[in-house]
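Shown next: input.tsv, containing TSV, C-alpha atoms.
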```tsv
chain	number	residue	atom	x	y	z
A	1	GLU	CA	0.00	0.00	0.00
A	2	GLY	CA	1.54	3.29	-1.08
A	3	GLY	CA	4.84	1.60	-1.84
A	4	LYS	CA	5.44	0.68	1.80
A	5	PRO	CA	7.24	-2.56	2.79
A	6	ASP	CA	4.98	-5.59	3.16
A	7	GLY	CA	6.90	-7.36	5.93
A	8	LEU	CA	8.43	-10.01	3.68
A	9	GLU	CA	11.50	-8.03	2.66
A	10	ALA	CA	13.68	-9.94	5.14
A	11	GLU	CA	12.78	-13.17	3.32
A	12	MET	CA	13.60	-11.95	-0.18
A	13	PRO	CA	15.21	-8.78	-1.53
A	14	SER	CA	12.42	-6.39	-2.46
A	15	PHE	CA	11.93	-3.06	-4.20
A	16	PHE	CA	8.67	-1.36	-3.30
A	17	VAL	CA	6.75	0.99	-5.58
A	18	ARG	CA	3.31	2.48	-5.28
A	19	GLN	CA	0.25	1.34	-7.16
A	20	TYR	CA	-2.20	3.65	-8.85
A	21	THR	CA	-4.54	5.32	-6.41
A	22	THR	CA	-8.25	4.55	-6.55
A	23	ALA	CA	-8.88	7.88	-8.25
A	24	GLU	CA	-6.11	7.31	-10.80
A	25	ILE	CA	-7.14	3.79	-11.74
A	26	ALA	CA	-10.82	4.77	-11.90
A	27	ARG	CA	-10.03	6.67	-15.10
A	28	TYR	CA	-9.08	3.32	-16.63
A	29	GLY	CA	-12.10	1.37	-15.47
A	30	HIS	CA	-10.33	0.12	-12.33
A	31	PHE	CA	-8.20	-2.12	-14.56
A	32	GLY	CA	-5.68	-2.92	-11.86
A	33	VAL	CA	-3.28	-4.92	-14.04
A	34	LEU	CA	-2.07	-1.60	-15.45
A	35	ASN	CA	-0.02	-1.47	-12.25
A	36	ARG	CA	2.30	-4.03	-13.82
A	37	PRO	CA	3.91	-1.73	-16.41
A	38	PHE	CA	3.53	1.18	-13.98
A	39	SER	CA	5.64	-0.69	-11.42
A	40	VAL	CA	8.39	-1.47	-13.96
A	41	VAL	CA	8.55	2.20	-15.02
A	42	GLN	CA	8.89	3.26	-11.37
A	43	PHE	CA	11.56	0.62	-10.83
A	44	ALA	CA	13.53	2.09	-13.73
A	45	ASP	CA	13.00	5.71	-12.71
A	46	ARG	CA	14.14	5.09	-9.13
A	47	GLY	CA	17.41	3.34	-9.92
A	48	GLY	CA	16.24	-0.25	-9.72
A	49	PHE	CA	18.22	-1.41	-12.70
A	50	GLU	CA	21.41	0.14	-11.33
A	51	ALA	CA	20.94	-1.84	-8.12
A	52	LEU	CA	21.01	-5.15	-10.03
A	53	GLN	CA	24.34	-6.76	-10.78
A	54	GLU	CA	22.73	-9.11	-13.26
A	55	GLN	CA	22.31	-8.05	-16.88
A	56	PHE	CA	19.00	-9.85	-17.41
A	57	VAL	CA	15.64	-9.64	-15.65
A	58	TYR	CA	13.11	-12.42	-15.05
A	59	ILE	CA	9.53	-11.14	-14.75
A	60	ALA	CA	7.11	-13.47	-13.00
A	61	GLU	CA	3.71	-13.28	-11.34
A	62	THR	CA	2.81	-14.06	-7.77
A	63	ASP	CA	1.23	-17.37	-8.83
A	64	HIS	CA	4.33	-18.64	-10.63
A	65	VAL	CA	6.39	-21.43	-9.05
A	66	LEU	CA	9.81	-22.30	-10.46
A	67	MET	CA	9.91	-26.05	-11.04
A	68	ARG	CA	13.62	-26.32	-11.85
A	69	PRO	CA	16.57	-23.95	-12.32
A	70	LEU	CA	15.76	-21.50	-15.08
A	71	PRO	CA	18.57	-20.99	-17.60
A	72	ASN	CA	19.03	-17.63	-19.27
A	73	LEU	CA	17.04	-18.22	-22.45
A	74	ALA	CA	17.44	-14.63	-23.66
A	75	THR	CA	20.21	-12.76	-25.44
A	76	PRO	CA	21.13	-9.06	-25.17
A	77	ASP	CA	18.77	-8.17	-28.02
A	78	LYS	CA	16.23	-11.02	-27.91
A	79	ALA	CA	13.86	-11.85	-25.06
A	80	ALA	CA	12.42	-15.24	-24.03
A	81	ALA	CA	8.69	-15.64	-23.42
A	82	PHE	CA	5.78	-18.06	-23.23
A	83	SER	CA	3.49	-18.65	-26.21
A	84	PHE	CA	-0.10	-17.71	-25.30
A	85	GLY	CA	-2.73	-19.38	-27.45
A	86	TYR	CA	-5.11	-16.42	-27.11
A	87	MET	CA	-2.57	-13.77	-28.16
A	88	HIS	CA	-2.30	-14.38	-31.89
A	89	CYS	CA	-2.49	-11.21	-33.96
A	90	GLY	CA	-4.35	-11.26	-37.29
A	91	SER	CA	-5.31	-8.97	-40.13
A	92	SER	CA	-8.42	-7.86	-38.24
A	93	HIS	CA	-6.13	-6.19	-35.68
A	94	GLN	CA	-4.43	-4.04	-38.31
A	95	PRO	CA	-6.72	-0.98	-37.97
A	96	LEU	CA	-5.88	-0.76	-34.27
A	97	LEU	CA	-2.19	-1.23	-34.99
A	98	ASP	CA	-2.33	1.58	-37.56
A	99	LYS	CA	-3.94	3.84	-34.99
A	100	PHE	CA	-1.73	3.09	-31.98
A	101	ALA	CA	1.52	1.77	-33.48
A	102	PRO	CA	1.93	3.15	-37.00
A	103	GLY	CA	4.34	1.08	-39.04
A	104	VAL	CA	3.68	-2.15	-37.15
A	105	THR	CA	1.98	-4.91	-39.11
A	106	TYR	CA	0.04	-7.74	-37.55
A	107	SER	CA	2.72	-10.25	-38.57
A	108	ASP	CA	5.23	-8.34	-36.42
A	109	VAL	CA	3.27	-8.96	-33.21
A	110	GLN	CA	4.20	-12.17	-31.40
A	111	PRO	CA	1.80	-14.18	-29.16
A	112	VAL	CA	3.57	-13.18	-25.94
A	113	GLY	CA	2.96	-11.20	-22.78
A	114	PRO	CA	5.19	-9.58	-20.19
A	115	SER	CA	5.23	-12.61	-17.91
A	116	PRO	CA	6.87	-15.04	-17.75
A	117	LEU	CA	9.69	-13.19	-19.45
A	118	VAL	CA	13.48	-13.07	-19.50
A	119	VAL	CA	14.85	-9.86	-21.02
A	120	SER	CA	17.99	-7.76	-20.88
A	121	LYS	CA	18.04	-4.64	-18.72
A	122	PRO	CA	18.67	-2.16	-21.55
A	123	VAL	CA	15.81	-3.58	-23.60
A	124	LEU	CA	13.37	-3.55	-20.67
A	125	ARG	CA	14.38	-0.01	-19.73
A	126	ARG	CA	13.58	1.15	-23.27
A	127	LEU	CA	10.40	-0.89	-23.53
A	128	ALA	CA	8.75	-0.17	-20.17
A	129	PRO	CA	7.43	3.38	-20.82
A	130	LEU	CA	6.17	2.36	-24.26
A	131	TRP	CA	4.39	-0.66	-22.74
A	132	LEU	CA	2.79	1.52	-20.07
A	133	ASN	CA	1.73	4.39	-22.32
A	134	LEU	CA	0.35	2.10	-25.00
A	135	SER	CA	-1.62	0.08	-22.44
A	136	LEU	CA	-3.13	3.27	-21.01
A	137	ALA	CA	-4.05	4.54	-24.46
A	138	LEU	CA	-5.63	1.22	-25.47
A	139	LYS	CA	-7.70	1.15	-22.30
A	140	LEU	CA	-9.11	4.61	-22.98
A	141	ASP	CA	-10.15	3.65	-26.51
A	142	PRO	CA	-13.58	1.91	-26.49
A	143	VAL	CA	-12.86	-0.14	-29.63
A	144	ALA	CA	-9.47	-1.35	-28.39
A	145	ASP	CA	-10.84	-1.99	-24.91
A	146	ARG	CA	-13.60	-4.21	-26.26
A	147	ARG	CA	-11.27	-6.02	-28.64
A	148	PHE	CA	-8.46	-6.77	-26.19
A	149	GLY	CA	-10.55	-7.24	-23.05
A	150	TRP	CA	-8.95	-8.66	-19.92
A	151	VAL	CA	-5.60	-9.23	-21.68
A	152	LEU	CA	-5.34	-5.62	-22.95
A	153	GLU	CA	-2.16	-4.92	-20.99
A	154	MET	CA	-0.55	-8.04	-22.48
A	155	TRP	CA	-1.39	-6.69	-25.92
A	156	GLY	CA	0.14	-3.39	-24.86
A	157	TYR	CA	3.36	-5.28	-24.16
A	158	SER	CA	3.39	-7.33	-27.36
A	159	ILE	CA	2.55	-4.37	-29.61
A	160	ALA	CA	5.10	-2.13	-27.86
A	161	SER	CA	7.71	-4.86	-28.36
A	162	ALA	CA	6.92	-5.01	-32.07
A	163	SER	CA	7.14	-1.22	-32.32
A	164	ILE	CA	10.83	-1.28	-31.31
A	165	GLY	CA	11.65	-4.43	-33.25
A	166	LEU	CA	12.07	-6.63	-30.18
A	167	ARG	CA	11.77	-10.32	-31.00
A	168	HIS	CA	11.22	-13.16	-28.55
A	169	GLN	CA	12.29	-16.74	-28.45
A	170	VAL	CA	8.87	-18.24	-27.86
A	171	PHE	CA	8.58	-21.42	-25.77
A	172	ARG	CA	5.37	-23.43	-25.50
A	173	ASP	CA	6.82	-25.35	-22.54
A	174	PHE	CA	8.14	-22.29	-20.69
A	175	GLN	CA	5.28	-22.73	-18.23
A	176	VAL	CA	2.42	-25.11	-17.55
A	177	GLU	CA	-1.06	-24.15	-16.36
A	178	PRO	CA	-2.53	-27.39	-14.99
A	179	GLY	CA	-5.64	-28.16	-12.99
A	180	ALA	CA	-7.72	-31.14	-11.95
A	181	LEU	CA	-8.97	-31.54	-15.53
A	182	SER	CA	-5.53	-31.46	-17.17
A	183	SER	CA	-5.12	-33.83	-20.09
A	184	ALA	CA	-2.59	-36.64	-20.14
A	185	ALA	CA	-0.79	-34.83	-22.97
A	186	GLN	CA	-0.32	-31.69	-20.87
A	187	LEU	CA	1.16	-33.69	-18.01
A	188	ASP	CA	3.34	-35.88	-20.20
A	189	GLY	CA	6.89	-35.36	-18.97
A	190	PHE	CA	5.73	-33.36	-15.96
A	191	PRO	CA	7.48	-31.82	-14.06
A	192	LEU	CA	10.83	-31.83	-15.89
A	193	ARG	CA	9.28	-30.78	-19.20
A	194	TYR	CA	8.48	-27.30	-17.84
A	195	TRP	CA	10.28	-24.54	-15.98
A	196	ILE	CA	7.34	-22.69	-14.41
A	197	PHE	CA	4.10	-23.84	-12.77
A	198	HIS	CA	1.37	-21.20	-13.17
A	199	TYR	CA	-1.29	-22.15	-10.64
A	200	THR	CA	-4.23	-20.31	-12.13
A	201	TYR	CA	-6.63	-23.26	-12.40
A	202	GLN	CA	-8.34	-25.10	-9.59
A	203	PHE	CA	-7.71	-28.59	-8.25
A	204	GLU	CA	-11.19	-29.77	-7.27
A	205	TYR	CA	-11.66	-33.46	-6.52
A	206	TYR	CA	-14.05	-35.88	-4.90
A	207	LEU	CA	-12.38	-37.93	-2.19
A	208	ASP	CA	-12.18	-40.91	-4.55
A	209	GLY	CA	-9.89	-38.86	-6.81
A	210	THR	CA	-12.51	-38.07	-9.44
A	211	PRO	CA	-12.08	-34.51	-10.75
A	212	CYS	CA	-15.03	-32.17	-10.43
A	213	GLN	CA	-16.54	-30.30	-13.33
A	214	PRO	CA	-15.40	-26.69	-13.90
A	215	TRP	CA	-16.29	-24.13	-11.22
A	216	THR	CA	-17.45	-26.80	-8.78
A	217	ILE	CA	-15.86	-26.87	-5.32
A	218	GLY	CA	-14.78	-30.38	-4.51
A	219	GLU	CA	-14.48	-32.39	-1.30
A	220	PHE	CA	-10.78	-31.69	-1.78
A	221	SER	CA	-10.24	-28.14	-2.98
A	222	LEU	CA	-7.02	-26.30	-3.76
A	223	ASP	CA	-7.64	-22.90	-5.33
A	224	LYS	CA	-5.61	-19.71	-4.86
A	225	ARG	CA	-8.90	-17.79	-4.67
A	226	HIS	CA	-9.56	-19.36	-1.26
A	227	PHE	CA	-6.57	-17.43	0.08
A	228	SER	CA	-7.17	-13.94	-1.25
A	229	ALA	CA	-7.46	-12.47	2.25
A	230	GLU	CA	-5.55	-14.93	4.43
A	231	PRO	CA	-2.53	-17.19	3.82
A	232	PRO	CA	-3.00	-20.94	3.57
A	233	PRO	CA	-2.42	-22.75	6.88
A	234	TYR	CA	0.43	-25.21	7.24
A	235	PRO	CA	0.38	-28.01	6.34
A	236	LEU	CA	-2.02	-28.30	3.44
A	237	PRO	CA	-3.51	-31.80	3.21
A	238	ASP	CA	-2.42	-34.11	0.42
A	239	PRO	CA	-4.78	-34.54	-2.53
A	240	PRO	CA	-6.81	-37.76	-2.58
A	241	PRO	CA	-5.33	-40.87	-4.20
A	242	GLY	CA	-6.00	-40.71	-7.91
A	243	ALA	CA	-5.45	-36.96	-8.21
A	244	ASN	CA	-3.01	-35.98	-10.94
A	245	LYS	CA	0.67	-35.38	-10.33
A	246	ALA	CA	0.35	-31.63	-10.75
A	247	ALA	CA	-1.92	-31.49	-7.70
A	248	PHE	CA	0.63	-33.36	-5.58
A	249	PHE	CA	3.45	-31.16	-6.90
A	250	LEU	CA	1.66	-27.91	-5.97
A	251	VAL	CA	0.68	-29.06	-2.48
A	252	GLY	CA	4.25	-30.25	-1.95
A	253	ALA	CA	5.68	-26.92	-3.13
A	254	PHE	CA	3.38	-24.95	-0.82
A	255	ASN	CA	4.20	-27.12	2.17
A	256	GLU	CA	7.94	-27.06	1.47
A	257	ALA	CA	7.94	-23.26	1.36
A	258	MET	CA	5.78	-22.85	4.46
A	259	ARG	CA	7.91	-25.37	6.37
A	260	ALA	CA	11.11	-23.54	5.40
A	261	LEU	CA	9.70	-20.27	6.78
A	262	GLY	CA	9.18	-21.93	10.16
A	263	THR	CA	7.48	-19.80	12.78
A	264	ALA	CA	7.41	-16.83	10.39
A	265	TRP	CA	4.48	-18.52	8.63
A	266	PRO	CA	1.12	-18.57	10.48
A	267	ARG	CA	0.14	-22.06	11.57
A	268	ARG	CA	-3.55	-21.29	11.55
A	269	GLN	CA	-5.85	-18.72	10.07
A	270	PRO	CA	-7.42	-16.07	12.30
A	271	ALA	CA	-10.96	-16.55	13.54
A	272	PRO	CA	-13.67	-15.12	11.26
A	273	GLY	CA	-14.19	-11.43	11.93
A	274	SER	CA	-10.88	-10.93	13.71
A	275	SER	CA	-8.27	-8.49	12.44
```

How does the structure come out when it is put into structure tokens?
Amino acid sequence: EGGKPDGLEAEMPSFFVRQYTTAEIARYGHFGVLNRPFSVVQFADRGGFEALQEQFVYIAETDHVLMRPLPNLATPDKAAAFSFGYMHCGSSHQPLLDKFAPGVTYSDVQPVGPSPLVVSKPVLRRLAPLWLNLSLALKLDPVADRRFGWVLEMWGYSIASASIGLRHQVFRDFQVEPGALSSAAQLDGFPLRYWIFHYTYQFEYYLDGTPCQPWTIGEFSLDKRHFSAEPPPYPLPDPPPGANKAAFFLVGAFNEAMRALGTAWPRRQPAPGSS
């Protein structure tokens, strides 16, 4: 809140920046994800890059878990990113490109977003203000807002990248987004096939290990949305026998991290209504 420390800075090196105020973000339809490029711009403006000895930056989200050591897949002038199936640019996007990024053609725009991403510091420093300003402009345009929807800021990143000629090495197996209904093909080679576990989907099961249908809370339920206000208590119970290996991996990763934090991690959630 307001760029103040969150209490976890002793656990991992942190650089705090402010988020848009309620009044500021209201102008953009309370589209809070615009804080992502805003935070990178502040990081650059306040000397964040100078504080880093490394020459490359890895951008992740709070629901990303590293599954194995991540090699530097980028080069000084080429980034590394995940291929998003819903981010493919076509000829129908060209009128918006002509309006907001003159000179960019739809074939220049890659199906990538700003996370997960590995990119060099000079490239990110140059790209960040373009990414922010383009995202803000797209959000204020009714046609662009309707077209790009909830991934508008990702489009801001990919179009801004194309506008400066930045290309990405695109990896389909950079991350995996599994859930209880994951196919056998998605989990083939899991976990060593992937570098990042993005836990965006739910693991909802009956106690016999049968997965529930979408948006049904199971007898066993592991969903990040349960912990929006309070942290998960330690230890989380194992999934039922028959659950897929991604479910066991995620529970194990949570419990390993909470166990390593020791008494710094709450062992139980507060009573309802308490502060």

Point to revise | Arg172 (chain A) surroundings by all atoms listed in the file, 12 Å radius, close-in-sequence under 6 positions cut, as a PyMOL selection string | key: chain A and resi 80-85+111-112+116+186+193-196

Practice item. Find the residue from A:Phe220, A:Trp150, A:Leu192, A:Val143 that sits nearest to Ala180 (chain A); use all atoms listed in the file when measuring. Key: A:Phe220

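With distances taken over all atoms listed in the file, A:Ala243 is the one residue among A:Ala243, A:Leu66, A:Leu134, A:Ala229 lying closest to Asp208 (chain A).
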
Practice item. Please write as a ChimeraX atom specification the list of polymer residues whose atoms come within 8 Å of (-9.9, -38.1, -8.0), counting only C-alpha atoms and keeping to the coordinates of the file. Key: /A:205-211,240-244

So which residues are close to (22.7, -8.3, -16.9), meaning at most 10 Å away in the file's coordinates with all atoms listed in the file counted, and can you show them as a compact mmCIF listing (two decimals) with C-alpha atoms, in the frame of the given file?
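That gives us result.txt:
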```
# COMPACT_ATOMS: atom_id res chain seq x y z
CA PHE A 49 18.22 -1.41 -12.70
CA LEU A 52 21.01 -5.15 -10.03
CA GLN A 53 24.34 -6.76 -10.78
CA GLU A 54 22.73 -9.11 -13.26
CA GLN A 55 22.31 -8.05 -16.88
CA PHE A 56 19.00 -9.85 -17.41
CA VAL A 57 15.64 -9.64 -15.65
CA THR A 75 20.21 -12.76 -25.44
CA PRO A 76 21.13 -9.06 -25.17
CA VAL A 119 14.85 -9.86 -21.02
CA SER A 120 17.99 -7.76 -20.88
CA LYS A 121 18.04 -4.64 -18.72
CA PRO A 122 18.67 -2.16 -21.55
```

Review point. So which residues touch Lys139 (chain A) within 9 Å, counting all atoms listed in the file, skipping near sequence neighbours fewer than 3 positions away, as a PyMOL selection string?
Key: chain A and resi 28-29+31+134-136+142+144-146+148-149+152-153

Practice item. May I ask which of the residues A:Ala264, A:Leu132, A:Ile164, A:Val65 is the closest one to Pro37 (chain A), counting only C-alpha atoms? Key: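 With only C-alpha atoms as the atom set, the closest residue is A:Leu132.
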
Review point. Any idea what the distance is between CA of Tyr20 (chain A) and CA of Asp98 (chain A)?
Key: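 Separation of CA of Tyr20 (chain A) and CA of Asp98 (chain A): 28.8 Å.
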
Exercise for review: Provide the CA of Leu96 (chain A) to CA of Val33 (chain A) distance in Å, to one decimal place.
Suggested key: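 Computed distance, CA of Leu96 (chain A) to CA of Val33 (chain A), equals 20.8 Å.
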
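Between CA of Tyr106 (chain A) and CA of Leu34 (chain A) the interatomic distance comes to 23.0 Å.
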
Review point. Which neighbours of Asp63 (chain A) fall inside 8 Å, counting all atoms listed in the file, when residues of the same chain fewer than 5 positions from it are skipped, and could you give them as number ranges by chain?
Key: A: 198-200

Exercise for review: Return the single residue from A:Phe197, A:Phe174, A:Phe254, A:Trp131 that is closest to Pro233 (chain A), with distances computed using only C-alpha atoms.
Suggested key: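 Among the listed residues, A:Phe254 lies closest to Pro233 (chain A).
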
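Nearest-residue note for Lys245 (chain A): choosing from A:Asp6, A:Glu50, A:Asp188, A:Glu1, the minimum distance belongs to A:Asp188, counting all atoms listed in the file.
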
Keeping all heavy atoms, write region 187-198 of chain A of the structure just shown out as a PDB file, in the first residue's frame.
```
ATOM      1  N   LEU A 187       0.339 -33.230 -19.119  1.00  0.00           N
ATOM      2  CA  LEU A 187       1.164 -33.695 -18.005  1.00  0.00           C
ATOM      3  C   LEU A 187       2.206 -34.718 -18.432  1.00  0.00           C
ATOM      4  O   LEU A 187       2.928 -35.241 -17.583  1.00  0.00           O
ATOM      5  CB  LEU A 187       0.265 -34.280 -16.909  1.00  0.00           C
ATOM      6  CG  LEU A 187      -0.694 -33.263 -16.258  1.00  0.00           C
ATOM      7  CD1 LEU A 187      -1.532 -33.937 -15.186  1.00  0.00           C
ATOM      8  CD2 LEU A 187       0.070 -32.083 -15.672  1.00  0.00           C
ATOM      9  N   ASP A 188       2.289 -34.981 -19.717  1.00  0.00           N
ATOM     10  CA  ASP A 188       3.339 -35.879 -20.204  1.00  0.00           C
ATOM     11  C   ASP A 188       4.703 -35.222 -19.965  1.00  0.00           C
ATOM     12  O   ASP A 188       4.945 -34.097 -20.394  1.00  0.00           O
ATOM     13  CB  ASP A 188       3.136 -36.150 -21.698  1.00  0.00           C
ATOM     14  CG  ASP A 188       4.157 -37.123 -22.248  1.00  0.00           C
ATOM     15  OD1 ASP A 188       4.500 -38.088 -21.547  1.00  0.00           O
ATOM     16  OD2 ASP A 188       4.621 -36.911 -23.380  1.00  0.00           O
ATOM     17  N   GLY A 189       5.585 -35.921 -19.280  1.00  0.00           N
ATOM     18  CA  GLY A 189       6.894 -35.360 -18.974  1.00  0.00           C
ATOM     19  C   GLY A 189       6.923 -34.413 -17.798  1.00  0.00           C
ATOM     20  O   GLY A 189       7.976 -33.842 -17.489  1.00  0.00           O
ATOM     21  N   PHE A 190       5.789 -34.217 -17.144  1.00  0.00           N
ATOM     22  CA  PHE A 190       5.725 -33.355 -15.958  1.00  0.00           C
ATOM     23  C   PHE A 190       6.486 -34.008 -14.802  1.00  0.00           C
ATOM     24  O   PHE A 190       6.381 -35.208 -14.614  1.00  0.00           O
ATOM     25  CB  PHE A 190       4.253 -33.163 -15.569  1.00  0.00           C
ATOM     26  CG  PHE A 190       4.018 -32.271 -14.381  1.00  0.00           C
ATOM     27  CD1 PHE A 190       3.725 -30.935 -14.556  1.00  0.00           C
ATOM     28  CD2 PHE A 190       4.092 -32.770 -13.082  1.00  0.00           C
ATOM     29  CE1 PHE A 190       3.498 -30.114 -13.466  1.00  0.00           C
ATOM     30  CE2 PHE A 190       3.879 -31.959 -11.990  1.00  0.00           C
ATOM     31  CZ  PHE A 190       3.578 -30.624 -12.180  1.00  0.00           C
ATOM     32  N   PRO A 191       7.286 -33.275 -14.034  1.00  0.00           N
ATOM     33  CA  PRO A 191       7.478 -31.824 -14.058  1.00  0.00           C
ATOM     34  C   PRO A 191       8.681 -31.355 -14.879  1.00  0.00           C
ATOM     35  O   PRO A 191       8.821 -30.161 -15.111  1.00  0.00           O
ATOM     36  CB  PRO A 191       7.696 -31.509 -12.586  1.00  0.00           C
ATOM     37  CG  PRO A 191       8.419 -32.709 -12.055  1.00  0.00           C
ATOM     38  CD  PRO A 191       7.844 -33.889 -12.792  1.00  0.00           C
ATOM     39  N   LEU A 192       9.564 -32.258 -15.303  1.00  0.00           N
ATOM     40  CA  LEU A 192      10.833 -31.830 -15.891  1.00  0.00           C
ATOM     41  C   LEU A 192      10.660 -31.200 -17.270  1.00  0.00           C
ATOM     42  O   LEU A 192      11.576 -30.551 -17.771  1.00  0.00           O
ATOM     43  CB  LEU A 192      11.791 -33.015 -15.970  1.00  0.00           C
ATOM     44  CG  LEU A 192      12.248 -33.579 -14.622  1.00  0.00           C
ATOM     45  CD1 LEU A 192      13.195 -34.748 -14.834  1.00  0.00           C
ATOM     46  CD2 LEU A 192      12.913 -32.496 -13.779  1.00  0.00           C
ATOM     47  N   ARG A 193       9.520 -31.371 -17.879  1.00  0.00           N
ATOM     48  CA  ARG A 193       9.276 -30.778 -19.198  1.00  0.00           C
ATOM     49  C   ARG A 193       9.171 -29.258 -19.131  1.00  0.00           C
ATOM     50  O   ARG A 193       9.451 -28.573 -20.113  1.00  0.00           O
ATOM     51  CB  ARG A 193       7.989 -31.379 -19.768  1.00  0.00           C
ATOM     52  CG  ARG A 193       7.493 -30.760 -21.055  1.00  0.00           C
ATOM     53  CD  ARG A 193       6.216 -31.472 -21.489  1.00  0.00           C
ATOM     54  NE  ARG A 193       5.453 -30.728 -22.470  1.00  0.00           N
ATOM     55  CZ  ARG A 193       4.228 -31.081 -22.870  1.00  0.00           C
ATOM     56  NH1 ARG A 193       3.656 -32.171 -22.359  1.00  0.00           N
ATOM     57  NH2 ARG A 193       3.588 -30.364 -23.769  1.00  0.00           N
ATOM     58  N   TYR A 194       8.775 -28.729 -17.977  1.00  0.00           N
ATOM     59  CA  TYR A 194       8.478 -27.304 -17.843  1.00  0.00           C
ATOM     60  C   TYR A 194       9.430 -26.635 -16.854  1.00  0.00           C
ATOM     61  O   TYR A 194      10.057 -27.282 -16.029  1.00  0.00           O
ATOM     62  CB  TYR A 194       7.040 -27.106 -17.345  1.00  0.00           C
ATOM     63  CG  TYR A 194       5.981 -27.751 -18.214  1.00  0.00           C
ATOM     64  CD1 TYR A 194       5.423 -28.986 -17.875  1.00  0.00           C
ATOM     65  CD2 TYR A 194       5.528 -27.123 -19.365  1.00  0.00           C
ATOM     66  CE1 TYR A 194       4.447 -29.574 -18.660  1.00  0.00           C
ATOM     67  CE2 TYR A 194       4.544 -27.699 -20.158  1.00  0.00           C
ATOM     68  CZ  TYR A 194       4.011 -28.922 -19.801  1.00  0.00           C
ATOM     69  OH  TYR A 194       3.047 -29.503 -20.588  1.00  0.00           O
ATOM     70  N   TRP A 195       9.497 -25.309 -16.936  1.00  0.00           N
ATOM     71  CA  TRP A 195      10.279 -24.542 -15.982  1.00  0.00           C
ATOM     72  C   TRP A 195       9.400 -23.872 -14.922  1.00  0.00           C
ATOM     73  O   TRP A 195       9.827 -23.695 -13.788  1.00  0.00           O
ATOM     74  CB  TRP A 195      11.091 -23.457 -16.708  1.00  0.00           C
ATOM     75  CG  TRP A 195      12.303 -23.964 -17.410  1.00  0.00           C
ATOM     76  CD1 TRP A 195      13.439 -24.486 -16.829  1.00  0.00           C
ATOM     77  CD2 TRP A 195      12.530 -24.028 -18.812  1.00  0.00           C
ATOM     78  NE1 TRP A 195      14.344 -24.849 -17.790  1.00  0.00           N
ATOM     79  CE2 TRP A 195      13.825 -24.579 -19.018  1.00  0.00           C
ATOM     80  CE3 TRP A 195      11.780 -23.646 -19.936  1.00  0.00           C
ATOM     81  CZ2 TRP A 195      14.367 -24.762 -20.289  1.00  0.00           C
ATOM     82  CZ3 TRP A 195      12.326 -23.838 -21.200  1.00  0.00           C
ATOM     83  CH2 TRP A 195      13.593 -24.396 -21.357  1.00  0.00           C
ATOM     84  N   ILE A 196       8.175 -23.501 -15.289  1.00  0.00           N
ATOM     85  CA  ILE A 196       7.337 -22.689 -14.407  1.00  0.00           C
ATOM     86  C   ILE A 196       5.961 -23.326 -14.282  1.00  0.00           C
ATOM     87  O   ILE A 196       5.359 -23.745 -15.278  1.00  0.00           O
ATOM     88  CB  ILE A 196       7.204 -21.251 -14.955  1.00  0.00           C
ATOM     89  CG1 ILE A 196       8.574 -20.573 -15.044  1.00  0.00           C
ATOM     90  CG2 ILE A 196       6.258 -20.412 -14.085  1.00  0.00           C
ATOM     91  CD1 ILE A 196       8.594 -19.370 -15.961  1.00  0.00           C
ATOM     92  N   PHE A 197       5.457 -23.379 -13.058  1.00  0.00           N
ATOM     93  CA  PHE A 197       4.097 -23.842 -12.768  1.00  0.00           C
ATOM     94  C   PHE A 197       3.251 -22.590 -12.493  1.00  0.00           C
ATOM     95  O   PHE A 197       3.482 -21.879 -11.530  1.00  0.00           O
ATOM     96  CB  PHE A 197       4.119 -24.747 -11.529  1.00  0.00           C
ATOM     97  CG  PHE A 197       2.835 -25.465 -11.219  1.00  0.00           C
ATOM     98  CD1 PHE A 197       2.817 -26.850 -11.104  1.00  0.00           C
ATOM     99  CD2 PHE A 197       1.656 -24.778 -10.995  1.00  0.00           C
ATOM    100  CE1 PHE A 197       1.653 -27.541 -10.789  1.00  0.00           C
ATOM    101  CE2 PHE A 197       0.478 -25.442 -10.688  1.00  0.00           C
ATOM    102  CZ  PHE A 197       0.488 -26.829 -10.579  1.00  0.00           C
ATOM    103  N   HIS A 198       2.287 -22.327 -13.363  1.00  0.00           N
ATOM    104  CA  HIS A 198       1.370 -21.198 -13.170  1.00  0.00           C
ATOM    105  C   HIS A 198       0.077 -21.759 -12.579  1.00  0.00           C
ATOM    106  O   HIS A 198      -0.705 -22.403 -13.273  1.00  0.00           O
ATOM    107  CB  HIS A 198       1.094 -20.511 -14.509  1.00  0.00           C
ATOM    108  CG  HIS A 198       0.184 -19.329 -14.419  1.00  0.00           C
ATOM    109  ND1 HIS A 198      -0.431 -18.762 -15.518  1.00  0.00           N
ATOM    110  CD2 HIS A 198      -0.203 -18.585 -13.355  1.00  0.00           C
ATOM    111  CE1 HIS A 198      -1.163 -17.745 -15.143  1.00  0.00           C
ATOM    112  NE2 HIS A 198      -1.053 -17.619 -13.830  1.00  0.00           N
TER     113      HIS A 198
END
```
